[in-house]
4 protein chains.
Amino acid sequence: MSNNTFGKLFTVTTFGESHGTAIGGIIDGCPAGIELDLEAIQKDLDRRKPGQSKIVTQRKEPDTVQFLSGIFEGKTTGTSIGFMIQNTNQKSKDYSHNVNVYRPSHADYTYDKKYGVRDYRGGGRTSARETANWVVAGAVAKQLISDIKINAFTSSVGEISINKPYQDLDFNLIESNDLRCPDTEMAEKMIDHIKEVKKAGDTVGGTITCVIQNVPIGLGEPIFNKLHAQLGKAMLSINAVKGFEYGSGFCGTKMKGSEHNDKFNQDGTTKTNLSGGIQGGVSNGMDIYFRVAFKPVATLIQKQETIDSEGNVVEMQGRGRHDPCVVPRAVPIVEAMAAMVMADFYLLDKTTKI
Amino acid sequence: MSNNTFGKLFTVTTFGESHGTAIGGIIDGCPAGIELDLEAIQKDLDRRKPGQSKIVTQRKEPDTVQFLSGIFEGKTTGTSIGFMIQNTNQKSKDYSHNVNVYRPSHADYTYDKKYGVRDYRGGGRTSARETANWVVAGAVAKQLISDIKINAFTSSVGEISINKPYQDLDFNLIESNDLRCPDTEMAEKMIDHIKEVKKAGDTVGGTITCVIQNVPIGLGEPIFNKLHAQLGKAMLSINAVKGFEYGSGFCGTKMKGSEHNDKFNQDGTTKTNLSGGIQGGVSNGMDIYFRVAFKPVATLIQKQETIDSEGNVVEMQGRGRHDPCVVPRAVPIVEAMAAMVMADFYLLDKTTKI
Amino acid sequence: MSNNTFGKLFTVTTFGESHGTAIGGIIDGCPAGIELDLEAIQKDLDRRKPGQSKIVTQRKEPDTVQFLSGIFEGKTTGTSIGFMIQNTNQKSKDYSHNVNVYRPSHADYTYDKKYGVRDYRGGGRTSARETANWVVAGAVAKQLISDIKINAFTSSVGEISINKPYQDLDFNLIESNDLRCPDTEMAEKMIDHIKEVKKAGDTVGGTITCVIQNVPIGLGEPIFNKLHAQLGKAMLSINAVKGFEYGSGFCGTKMKGSEHNDKFNQDGTTKTNLSGGIQGGVSNGMDIYFRVAFKPVATLIQKQETIDSEGNVVEMQGRGRHDPCVVPRAVPIVEAMAAMVMADFYLLDKTTKI
Amino acid sequence: MSNNTFGKLFTVTTFGESHGTAIGGIIDGCPAGIELDLEAIQKDLDRRKPGQSKIVTQRKEPDTVQFLSGIFEGKTTGTSIGFMIQNTNQKSKDYSHNVNVYRPSHADYTYDKKYGVRDYRGGGRTSARETANWVVAGAVAKQLISDIKINAFTSSVGEISINKPYQDLDFNLIESNDLRCPDTEMAEKMIDHIKEVKKAGDTVGGTITCVIQNVPIGLGEPIFNKLHAQLGKAMLSINAVKGFEYGSGFCGTKMKGSEHNDKFNQDGTTKTNLSGGIQGGVSNGMDIYFRVAFKPVATLIQKQETIDSEGNVVEMQGRGRHDPCVVPRAVPIVEAMAAMVMADFYLLDKTTKI
């Protein structure tokens with residue numbers, strides 16, 4: 001019951017700090033016999049990596065994954081898959097100015113109080129660098145459940161939001177812009193907004209929508225391992241996430257039952273899909289869709305007043321290379337976590353009837 | 001890794017269908033030496049039970065919990081606590097008309113497809129009756145972490161919503177009306193709305209806000225067992241829940257970092273609390289607050305068209321005694337799940353430093 | 001990670017003290033669609049129950065299992081199966097003489113020190129009465145893996161031991177005597193020995209051998225969930241067990257590799273089976289066999305000197321109705337635990353290759 | 001519930017094949033604030049490594065552990081500890097002769113059948129090389145529970161056995177000979193025997209005894225996580241282990257209760273210790289001792305007849321550098337697994353009473 005492990009049957013356990021030697025993980029429970037496309041895995045990592053465009057941090061990390069076990073002659077062997085990503089950019093920088101300073105709305109304070117020890121180099125274990133591990137594991141999961149299609153995309157930045165239902169979007173356009181937003185018109189506006197915010201040394205929040213299609217009926221395990229509850233937990237595990245809703249979500253609370261109920265077609269599909277593809281925690285074969293809320297990044301390129309561990313008021317200023325908006329780089333992370341959840345339930349479901 | 005188990009150290013495992021002999025559960029990991037106030041537990045159950053007011057289902061179930069083990073001379077012994085609630089109201093009713101019918105936006109269809117077997121009496125295992133078990137376990141959890149104060153309340157019904165921040169509400173008023181809404185003025189409007197909806201044989205959704213106060217610093221376990229992620233999972237496990245947000249939530253996505261960051265006071269508290277009492281998955285000692293979205297109940301007292309298991313179109317009509325709005329009865333459920341999460345992290349935290 | 005839960009996919013979680021209202025448990029992970037033979041389950045319970053013959057305790061408990069959920073129209077539904085066994089024999093006896101006394105080689109002392117609270121009525125949670133729960137769960141497991149044949153039997157009592165390899169025994173004779181020993185000649189000697197020991201108010205140990213046949217190749221999960229390691233843990237969980245060996249066991253330590261290696265036949269079976277049907281933690285299709293060591297029961301019908309919780313020396317005497325030898329009643333317990341292990345690995349194996 | 005994870009709170013998850021790039025693991029749940037003695041960890045690894053003496057394999061692997069995370073300025077931080085051991089000796093040897101051959105009494109056959117894929121280079125994941133990971137994790141565990149003293153030693157090789165109770169042995173002599181046997185006289189005989197066996201290209205089994213001293217009262221968790229049951233599982237996870245017994249073990253089955261019961265002293269210690277320091281799965285403060293049975297190594301430097309995956313009879317011959325007896329190198333492995341079990345229960349016990 002490691003707290004650094006995600007999943008029940010398809011699991012990943014991770015390690016690593018932003019400024020240590022390496023980060024990495026162990027994927028366990030991946031069935032034997034999958035011909036792994038390693039390039040596809042690296043490609044997902046590249047979608048997450050820093051320095052890929054002008055609207056993300058300009059830090060440069062190659063983020064090359066190295067697999068250490070569990071794969072033989074191109075196929076998974078059923079044994080645990082160890083992998084590692086070297087930290088190449090953790091120059092012997094001087095962090096002494098951070099030793100005692102608690103950055104506002106970071107985990108510096110809570111970790112220090114909880115553990116009595118604090119790795120003050122960058123974010124330590126709380127850095128979103130950890131999510132590179134998740135992208136690797138998620139990319140393996142995608143190959144296990146290759147029939148299931150998972151597409152995440154930026155659906156809002158600040159106040160600017162896509163106004164179309166996802167059905168009217170062309171997912172092929174997601175990677176056509178730096179924001180990963182398939183509504184190219186709105187994407188431009190959002191990108192402009194991020195650039196402005198960045199110029200001011202500020203940051204901004206946003207939302208990601210994820211759509212999971214071609215889902216077999218029956219994935220998800222009642223009572224305490226419902227499909228949407230586990231998706232929610234997965235998303236809420238991502239740094240900076242403040243909310244999760246699926247199907248009709250918070251809007252659904254304003255509706256009447258007579259409006260909200262999804263009527264059946266004769267083949268078991270439904271005419272509407274306010275349920276979001278899940279009934280009683282179990283997939284019904286319709287599209288699963290959900291929305292994830294990301295707060296603005298806490299590290300600003302502005303002066304901020306804060307305190308140190310002795311309670312002295314100090315002034316601090318974030319330096320150089322931070323994301324003005326996490327959302328574009330978080331898109332592959334959302335997909336990765338969704339893939340791990342789906343892979344896990346795919347395996348669990350193999351054991352639920354004789 | 002039972003799917004019917006919640007928690008890591010403080011756990012509950014449950015069983016039971018709405019129309020079986022009994023429902024019940026086993027609480028494990030509850031430390032020895034707690035003098036259990038059994039009346040307080042029953043009282044929480046009474047807050048959840050049907051028939052308690054005019055805006056909830058008129059079904060009558062006494063919902064009396066019986067403890068079977070783990071308590072000796074009034075104290076917990078450290079062994080597993082078995083408990084049971086008899087189903088008194090499951091008259092040998094004729095369910096034959098339900099055998100093949102899939103109710104819209106219920107789990108009938110997904111369970112049938114997943115398991116190939118369906119308990120067609122009421123909701124079977126998917127019935128929210130199960131949540132009575134959670135209220136029992138949560139009420140025990142509350143007594144383990146008695147210093148932590150957990151208050152949930154109805155914050156909206158349909159379009160009608162409390163407009164005040166929770167700090168301006170008097171939690172002592174929560175139980176002063178049938179809705180469990182501390183804004184007594186708005187409560188009346190919401191109650192009226194529920195009555196109207198009920199008259200029309202319809203149902204309506206709503207939201208519950210939960211505030212957790214007096215939380216020790218340091219509860220929550222990174223990376224995949226973050227405090228808010230586990231709270232989210234807990235809430236998303238409740239029947240009819242479609243969304244969860246904590247702290248600034250979805251609104252926070254529209255903010256700038258310079259607005260959103262919570263500045264420190266010298267004592268480590270923060271001047272604002274958009275973070276919602278949690279940084280990096282770990283409590284910072286400020287209030288934790290979150291909001292839970294409930295869709296309208298799917299069972300209507302109206303005719304609905306649906307299909308049976310052979311794909312025939314059939315007409316069905318819910319009968320008699322259903323909740324027009326789940327929110328009032330869900331308030332103690334939200335509290336119970338929150339209490340279990342907090343109790344679990346309280347125990348886990350005892351092992352995190354030497 | 002409840003400590004009162006056994007198994008990973010096919011799990012049982014239990015509760016109950018010897019002198020509480022009832023004992024019981026929740027089976028989770030049992031696939032849907034099994035037509036449960038409830039009589040077979042009760043029959044296994046009857047094999048374990050007290051009072052069944054002259055060489056076991058003369059206590060009378062009907063030990064009738066009542067299923068509360070998870071079964072509908074005779075079939076498992078895939079939901080959790082709650083069950084309960086009433087304690088009928090826990091008369092409001094006076095236990096006051098036990099309140100402070102620590103019985104030698106019982107768990108009274110360790111529980112008191114660990115929990116600071118002690119249920120002094122009988123053995124409380126440490127009573128072997130708990131194993132009735134396991135027999136129920138194991139009997140359900142047997143029906144899930146009905147092709148696998150599990151036979152346990154008494155192989156020694158004190159110094160008296162069966163001298164034949166299990167292949168020369170007729171398992172149909174196991175239930176032909178009160179001892180559950182298929183070597184009827186040796187059984188008589190062992191029974192006589194137990195009677196003598198009983199007459200002296202003393203107790204004696206023994207061993208049980210278990211043979212699992214018709215096992216599919218491939219059950220068992222490396223590295224930390226090996227088939228024999230989990231069987232070992234299961235057996236060591238049974239009250240009074242002091243040792244476990246499988247295949248060649250402790251005798252194998254005295255052999256050379258050239259003697260011990262099992263040569264293959266062309267069909268993959270082996271000419272000998274010193275390995276005990278398992279290689280690298282995974283079944284190879286040959287018979288699995290192991291031996292379990294039971295110490296003599298600690299409760300004697302003799303005067304014993306001991307201490308109370310204040311460290312005073314006191315004299316105590318066990319009363320009336322205790323087992324002179326646990327082995328005959330432990331046979332169905334060994335089978336039950338073995339069945340649960342096999343059922344769990346049977347389900348796990350469904351997820352190990354594509 | 002990764003099968004490559006050991007432990008509940010103090011956990012290790014591992015990866016790696018004998019002939020891959022590296023092996024390694026992730027320790028999770030290690031509390032923050034431990035000043036880790038890295039040399040002590042490497043020293044335990046050196047006790048396990050090949051090539052250290054004439055009675056073990058002459059393969060040379062430096063087995064240097066590299067820590068990748070979770071340690072900062074010499075102290076554990078409470079985050080997961082990643083570590084890695086490079087495989088330096090896996091020359092691009094020609095394994096083509098092994099591709100289809102199933103070595104007798106190895107896991108080649110069972111893995112191939114289970115996974116449908118086989119890493120035929122050396123033992124792949126089934127190689128005892130994996131246990132180097134355990135030694136690292138165990139060495140960390142030892143530092144968490146540094147007051148508890150764990151000593152394992154060789155107690156028999158083939159038919160030759162120490163005849164003294166452990167109380168008469170000087171544990172300081174364990175490392176005084178290549179066998180790790182504190183009875184130096186018997187050690188010589190055993191070493192001679194191993195040399196003979198080796199000369200014949202054969203192998204031999206043996207036993208290891210482990211004594212755990214200075215154990216706090218109260219470690220161990222009923223019902224399904226008993227201290228001795230988990231120790232048993234840990235030991236049975238080690239390659240080549242066929243049996244486990246603690247306290248009186250199999251000998252205890254031959255005793256009467258009146259002989260076997262451990263009488264109390266007034267301070268709660270016992271006059272004898274046939275129980276082996278554990279009552280009801282919980283430590284009683286007396287020494288814990290157990291014995292582990294190792295079969296002879298299956299790889300012989302002799303010709304053996306076997307089959308290939310098509311069922312053809314083939315002749316094979318182990319080459320060069322195998323252990324004639326695993327026992328000397330297994331001593332630190334036994335200690336490591338025991339340390340992990342004790343560390344886990346040490347943490348669990350912190351949560352069992354208020």
# chains A, B, ... in the order shown; residues from 1 in each chain; ligands from 1
>>> select_by_dssp(residues="region 241-282 of chain C", states="helix (DSSP H, G or I)", output="list in words")
Gly249, Phe250, Cys251, Gly252, Gly257, Ser258, Glu259 and His260 of chain C
>>> write_last_selection(atoms="N, CA and C atoms", output="mmCIF file, in the first residue's frame")
data_model
loop_
_atom_site.group_PDB
_atom_site.id
_atom_site.type_symbol
_atom_site.label_atom_id
_atom_site.label_comp_id
_atom_site.auth_asym_id
_atom_site.auth_seq_id
_atom_site.Cartn_x
_atom_site.Cartn_y
_atom_site.Cartn_z
ATOM 1 N N GLY C 249 10.616 -30.309 1.363
ATOM 2 C CA GLY C 249 10.629 -29.667 2.672
ATOM 3 C C GLY C 249 11.970 -29.714 3.374
ATOM 4 N N PHE C 250 11.923 -29.891 4.692
ATOM 5 C CA PHE C 250 13.161 -29.910 5.468
ATOM 6 C C PHE C 250 14.041 -31.103 5.092
ATOM 7 N N CYS C 251 13.430 -32.211 4.680
ATOM 8 C CA CYS C 251 14.233 -33.362 4.238
ATOM 9 C C CYS C 251 15.068 -33.010 3.018
ATOM 10 N N GLY C 252 14.526 -32.167 2.180
ATOM 11 C CA GLY C 252 15.226 -31.780 0.948
ATOM 12 C C GLY C 252 16.548 -31.092 1.209
ATOM 13 N N GLY C 257 21.775 -31.986 -5.213
ATOM 14 C CA GLY C 257 21.024 -31.503 -6.370
ATOM 15 C C GLY C 257 20.749 -32.615 -7.371
ATOM 16 N N SER C 258 21.722 -33.506 -7.528
ATOM 17 C CA SER C 258 21.543 -34.585 -8.505
ATOM 18 C C SER C 258 20.441 -35.551 -8.091
ATOM 19 N N GLU C 259 20.157 -35.617 -6.806
ATOM 20 C CA GLU C 259 19.047 -36.454 -6.329
ATOM 21 C C GLU C 259 17.727 -35.689 -6.355
ATOM 22 N N HIS C 260 17.825 -34.409 -6.114
ATOM 23 C CA HIS C 260 16.627 -33.609 -5.858
ATOM 24 C C HIS C 260 15.953 -33.133 -7.137
#
>>> residues_around(residues="Ile162 (chain D)", least_positions_apart="3", cutoff="12 Å", atoms="only C-alpha atoms", output="PyMOL selection string")
chain D and resi 153-159+165-166+168-169+181-190+206-209
>>> write_last_selection(atoms="N, CA and C atoms", output="mmCIF file, in the first residue's frame")
data_model
loop_
_atom_site.group_PDB
_atom_site.id
_atom_site.type_symbol
_atom_site.label_atom_id
_atom_site.label_comp_id
_atom_site.auth_asym_id
_atom_site.auth_seq_id
_atom_site.Cartn_x
_atom_site.Cartn_y
_atom_site.Cartn_z
ATOM 1 N N PHE D 153 22.244 -17.356 10.637
ATOM 2 C CA PHE D 153 23.489 -18.116 10.445
ATOM 3 C C PHE D 153 23.160 -19.484 9.851
ATOM 4 N N THR D 154 24.170 -20.076 9.252
ATOM 5 C CA THR D 154 24.027 -21.417 8.693
ATOM 6 C C THR D 154 23.929 -22.414 9.833
ATOM 7 N N SER D 155 22.846 -23.187 9.872
ATOM 8 C CA SER D 155 22.712 -24.160 10.965
ATOM 9 C C SER D 155 22.873 -25.602 10.492
ATOM 10 N N SER D 156 22.809 -25.839 9.206
ATOM 11 C CA SER D 156 23.126 -27.183 8.696
ATOM 12 C C SER D 156 23.453 -27.107 7.209
ATOM 13 N N VAL D 157 24.245 -28.078 6.777
ATOM 14 C CA VAL D 157 24.531 -28.282 5.348
ATOM 15 C C VAL D 157 24.405 -29.778 5.116
ATOM 16 N N GLY D 158 23.533 -30.163 4.219
ATOM 17 C CA GLY D 158 23.306 -31.594 4.019
ATOM 18 C C GLY D 158 22.924 -32.236 5.341
ATOM 19 N N GLU D 159 23.606 -33.308 5.698
ATOM 20 C CA GLU D 159 23.298 -34.026 6.937
ATOM 21 C C GLU D 159 23.997 -33.424 8.156
ATOM 22 N N PRO D 165 21.779 -25.450 21.113
ATOM 23 C CA PRO D 165 20.750 -24.400 21.031
ATOM 24 C C PRO D 165 21.432 -23.065 20.719
ATOM 25 N N TYR D 166 20.675 -22.171 20.107
ATOM 26 C CA TYR D 166 21.293 -20.916 19.671
ATOM 27 C C TYR D 166 21.852 -20.117 20.843
ATOM 28 N N ASP D 168 23.689 -21.055 23.072
ATOM 29 C CA ASP D 168 25.066 -21.448 23.372
ATOM 30 C C ASP D 168 26.041 -21.007 22.285
ATOM 31 N N LEU D 169 25.563 -20.274 21.329
ATOM 32 C CA LEU D 169 26.427 -19.842 20.221
ATOM 33 C C LEU D 169 26.822 -18.379 20.401
ATOM 34 N N CYS D 181 28.713 -19.593 9.967
ATOM 35 C CA CYS D 181 28.244 -20.544 10.971
ATOM 36 C C CYS D 181 29.011 -20.295 12.263
ATOM 37 N N PRO D 182 28.326 -19.940 13.341
ATOM 38 C CA PRO D 182 29.019 -19.547 14.574
ATOM 39 C C PRO D 182 29.610 -20.737 15.338
ATOM 40 N N ASP D 183 29.262 -21.945 14.954
ATOM 41 C CA ASP D 183 29.869 -23.127 15.563
ATOM 42 C C ASP D 183 31.057 -23.475 14.673
ATOM 43 N N THR D 184 32.225 -22.963 15.021
ATOM 44 C CA THR D 184 33.351 -23.006 14.084
ATOM 45 C C THR D 184 33.817 -24.431 13.801
ATOM 46 N N GLU D 185 33.610 -25.297 14.759
ATOM 47 C CA GLU D 185 34.005 -26.688 14.552
ATOM 48 C C GLU D 185 33.133 -27.343 13.476
ATOM 49 N N MET D 186 31.826 -27.202 13.666
ATOM 50 C CA MET D 186 30.917 -27.784 12.688
ATOM 51 C C MET D 186 31.062 -27.072 11.345
ATOM 52 N N ALA D 187 31.352 -25.796 11.400
ATOM 53 C CA ALA D 187 31.503 -25.019 10.180
ATOM 54 C C ALA D 187 32.544 -25.656 9.269
ATOM 55 N N GLU D 188 33.630 -26.054 9.865
ATOM 56 C CA GLU D 188 34.703 -26.676 9.058
ATOM 57 C C GLU D 188 34.207 -27.925 8.352
ATOM 58 N N LYS D 189 33.491 -28.740 9.113
ATOM 59 C CA LYS D 189 32.947 -29.972 8.508
ATOM 60 C C LYS D 189 32.005 -29.650 7.351
ATOM 61 N N MET D 190 31.191 -28.668 7.569
ATOM 62 C CA MET D 190 30.223 -28.302 6.519
ATOM 63 C C MET D 190 30.962 -27.755 5.295
ATOM 64 N N GLY D 206 20.637 -27.066 2.774
ATOM 65 C CA GLY D 206 21.011 -26.711 4.137
ATOM 66 C C GLY D 206 19.927 -25.894 4.804
ATOM 67 N N THR D 207 20.193 -25.501 6.031
ATOM 68 C CA THR D 207 19.211 -24.664 6.735
ATOM 69 C C THR D 207 19.897 -23.431 7.320
ATOM 70 N N ILE D 208 19.102 -22.401 7.475
ATOM 71 C CA ILE D 208 19.542 -21.184 8.144
ATOM 72 C C ILE D 208 18.637 -20.965 9.340
ATOM 73 N N THR D 209 19.244 -20.622 10.458
ATOM 74 C CA THR D 209 18.479 -20.245 11.645
ATOM 75 C C THR D 209 18.592 -18.741 11.808
#
>>> residues_around(residues="Ser283 (chain D)", least_positions_apart="3", cutoff="8 Å", atoms="only C-alpha atoms", output="short mmCIF file (atom, residue, chain, number, x, y, z; two decimals) with C-alpha atoms, in the first residue's frame")
data_model
loop_
_atom_site.label_atom_id
_atom_site.label_comp_id
_atom_site.auth_asym_id
_atom_site.auth_seq_id
_atom_site.Cartn_x
_atom_site.Cartn_y
_atom_site.Cartn_z
CA THR C 110 0.40 -10.04 23.99
CA VAL D 215 11.90 -7.12 20.13
CA PRO D 216 9.30 -4.77 21.62
CA ILE D 217 6.17 -6.47 22.90
CA GLY D 218 3.19 -6.04 20.61
CA LEU D 219 4.52 -6.30 17.06
CA GLY D 220 2.33 -8.30 14.67
CA LEU D 227 4.09 -11.78 12.75
CA GLY D 277 8.63 -15.17 21.00
CA ILE D 278 5.18 -14.90 19.45
CA GLN D 279 1.68 -15.50 20.86
CA MET D 286 11.11 -13.01 24.09
CA ILE D 288 11.96 -14.79 18.02
#
>>> residues_around(residues="Gly232 (chain B)", least_positions_apart="2", cutoff="12 Å", atoms="only C-alpha atoms", output="NGL selection string")
(:A and (228-237 or 241-245)) or (:B and (210 or 225-230 or 234-238 or 241-246 or 249 or 281 or 289-293 or 334 or 337-338 or 341))
>>> residues_around(residues="Ala132 (chain D)", least_positions_apart="2", cutoff="12 Å", atoms="only C-alpha atoms", output="PyMOL selection string")
chain D and resi 14-18+22-25+41-50+61-65+83-87+127-130+134-139+238-239+329-330+332-334+336-337
>>> write_last_selection(atoms="N, CA and C atoms", output="short mmCIF file (atom, residue, chain, number, x, y, z; two decimals), in the first residue's frame")
data_model
loop_
_atom_site.label_atom_id
_atom_site.label_comp_id
_atom_site.auth_asym_id
_atom_site.auth_seq_id
_atom_site.Cartn_x
_atom_site.Cartn_y
_atom_site.Cartn_z
N THR D 14 10.29 -4.11 -6.62
CA THR D 14 11.56 -4.36 -7.31
C THR D 14 11.39 -4.67 -8.79
N PHE D 15 12.50 -4.58 -9.50
CA PHE D 15 12.54 -4.96 -10.91
C PHE D 15 13.90 -5.56 -11.22
N GLY D 16 13.98 -6.20 -12.37
CA GLY D 16 15.28 -6.57 -12.86
C GLY D 16 15.47 -8.04 -13.17
N GLU D 17 16.21 -8.27 -14.24
CA GLU D 17 16.58 -9.64 -14.63
C GLU D 17 18.09 -9.79 -14.50
N SER D 18 18.50 -11.02 -14.36
CA SER D 18 19.93 -11.30 -14.16
C SER D 18 20.78 -10.76 -15.30
N ALA D 22 20.18 -3.50 -15.45
CA ALA D 22 20.31 -3.24 -14.02
C ALA D 22 19.15 -3.90 -13.30
N ILE D 23 19.31 -4.07 -12.01
CA ILE D 23 18.19 -4.42 -11.15
C ILE D 23 18.02 -3.25 -10.18
N GLY D 24 16.91 -3.23 -9.48
CA GLY D 24 16.73 -2.12 -8.55
C GLY D 24 15.38 -2.17 -7.89
N GLY D 25 15.07 -1.11 -7.18
CA GLY D 25 13.81 -1.10 -6.47
C GLY D 25 13.45 0.26 -5.91
N ILE D 41 24.88 -0.47 4.41
CA ILE D 41 24.04 -1.08 3.39
C ILE D 41 24.91 -1.83 2.38
N GLN D 42 25.97 -1.16 1.92
CA GLN D 42 26.86 -1.81 0.94
C GLN D 42 27.51 -3.05 1.56
N LYS D 43 27.79 -2.97 2.84
CA LYS D 43 28.43 -4.10 3.51
C LYS D 43 27.53 -5.34 3.50
N ASP D 44 26.24 -5.11 3.72
CA ASP D 44 25.31 -6.25 3.65
C ASP D 44 25.27 -6.81 2.23
N LEU D 45 25.31 -5.92 1.25
CA LEU D 45 25.33 -6.37 -0.14
C LEU D 45 26.57 -7.21 -0.41
N ASP D 46 27.68 -6.79 0.16
CA ASP D 46 28.94 -7.53 -0.05
C ASP D 46 28.86 -8.92 0.56
N ARG D 47 28.11 -9.05 1.64
CA ARG D 47 27.94 -10.38 2.24
C ARG D 47 27.15 -11.31 1.33
N ARG D 48 26.34 -10.75 0.48
CA ARG D 48 25.54 -11.56 -0.42
C ARG D 48 26.21 -11.80 -1.76
N LYS D 49 27.17 -10.97 -2.12
CA LYS D 49 27.63 -10.96 -3.52
C LYS D 49 28.40 -12.22 -3.90
N PRO D 50 28.39 -12.54 -5.16
CA PRO D 50 29.12 -13.71 -5.65
C PRO D 50 30.62 -13.46 -5.56
N GLU D 61 30.69 -9.91 -9.53
CA GLU D 61 29.82 -8.74 -9.75
C GLU D 61 30.11 -7.79 -8.60
N PRO D 62 30.42 -6.54 -8.88
CA PRO D 62 30.71 -5.65 -7.76
C PRO D 62 29.46 -5.37 -6.92
N ASP D 63 28.29 -5.42 -7.53
CA ASP D 63 27.04 -5.20 -6.78
C ASP D 63 27.09 -3.93 -5.94
N THR D 64 27.31 -2.85 -6.62
CA THR D 64 27.34 -1.56 -5.93
C THR D 64 25.98 -0.90 -6.04
N VAL D 65 25.42 -0.56 -4.90
CA VAL D 65 24.10 0.06 -4.93
C VAL D 65 24.24 1.57 -5.11
N PHE D 83 16.54 2.95 -5.93
CA PHE D 83 17.95 2.51 -5.97
C PHE D 83 18.16 1.55 -7.13
N MET D 84 19.41 1.37 -7.48
CA MET D 84 19.75 0.59 -8.66
C MET D 84 21.07 -0.10 -8.46
N ILE D 85 21.19 -1.31 -9.00
CA ILE D 85 22.46 -2.03 -9.01
C ILE D 85 22.72 -2.43 -10.45
N GLN D 86 23.79 -1.89 -11.03
CA GLN D 86 24.11 -2.22 -12.41
C GLN D 86 24.48 -3.70 -12.52
N ASN D 87 24.07 -4.30 -13.61
CA ASN D 87 24.55 -5.65 -13.93
C ASN D 87 25.81 -5.50 -14.78
N SER D 127 15.96 -15.36 -11.45
CA SER D 127 17.31 -15.49 -10.89
C SER D 127 17.35 -14.96 -9.46
N ALA D 128 18.16 -15.60 -8.63
CA ALA D 128 18.33 -15.14 -7.24
C ALA D 128 19.08 -13.81 -7.20
N ARG D 129 19.53 -13.34 -8.35
CA ARG D 129 20.14 -12.02 -8.38
C ARG D 129 19.18 -10.97 -7.81
N GLU D 130 17.90 -11.17 -8.02
CA GLU D 130 16.86 -10.30 -7.49
C GLU D 130 17.03 -10.04 -5.99
N TRP D 134 16.63 -7.08 -2.29
CA TRP D 134 16.04 -7.26 -0.96
C TRP D 134 17.03 -6.91 0.13
N VAL D 135 18.28 -7.24 -0.15
CA VAL D 135 19.32 -6.94 0.85
C VAL D 135 19.44 -5.43 1.05
N VAL D 136 19.32 -4.68 -0.04
CA VAL D 136 19.36 -3.21 0.07
C VAL D 136 18.20 -2.73 0.93
N ALA D 137 17.00 -3.16 0.59
CA ALA D 137 15.82 -2.71 1.33
C ALA D 137 15.89 -3.16 2.79
N GLY D 138 16.35 -4.38 2.99
CA GLY D 138 16.46 -4.89 4.35
C GLY D 138 17.49 -4.11 5.17
N ALA D 139 18.55 -3.70 4.52
CA ALA D 139 19.59 -2.94 5.23
C ALA D 139 19.08 -1.57 5.64
N ILE D 238 12.13 -16.49 -0.68
CA ILE D 238 13.54 -16.61 -1.09
C ILE D 238 13.71 -17.84 -1.98
N ASN D 239 14.46 -17.67 -3.05
CA ASN D 239 14.70 -18.77 -3.98
C ASN D 239 15.21 -20.01 -3.23
N ARG D 329 25.47 -17.54 1.19
CA ARG D 329 25.07 -16.25 0.61
C ARG D 329 23.64 -15.89 0.99
N ALA D 330 22.86 -16.87 1.41
CA ALA D 330 21.46 -16.59 1.76
C ALA D 330 21.32 -16.01 3.17
N PRO D 332 22.55 -13.25 4.63
CA PRO D 332 22.11 -11.84 4.66
C PRO D 332 20.74 -11.62 4.04
N ILE D 333 20.33 -12.51 3.17
CA ILE D 333 18.99 -12.39 2.57
C ILE D 333 17.92 -12.68 3.62
N VAL D 334 18.14 -13.73 4.39
CA VAL D 334 17.21 -14.06 5.48
C VAL D 334 17.11 -12.88 6.45
N ALA D 336 17.73 -9.77 5.84
CA ALA D 336 17.11 -8.62 5.19
C ALA D 336 15.59 -8.75 5.18
N MET D 337 15.11 -9.94 4.83
CA MET D 337 13.66 -10.14 4.79
C MET D 337 13.08 -10.03 6.20
#
>>> select_by_dssp(residues="region 131-302 of chain B", states="strand (DSSP E or B)", output="VMD selection string")
chain B and resid 149 to 157 160 to 161 204 206 to 213 221 225 241 to 246 256 264 270 278 to 279 282 to 283 288 to 294
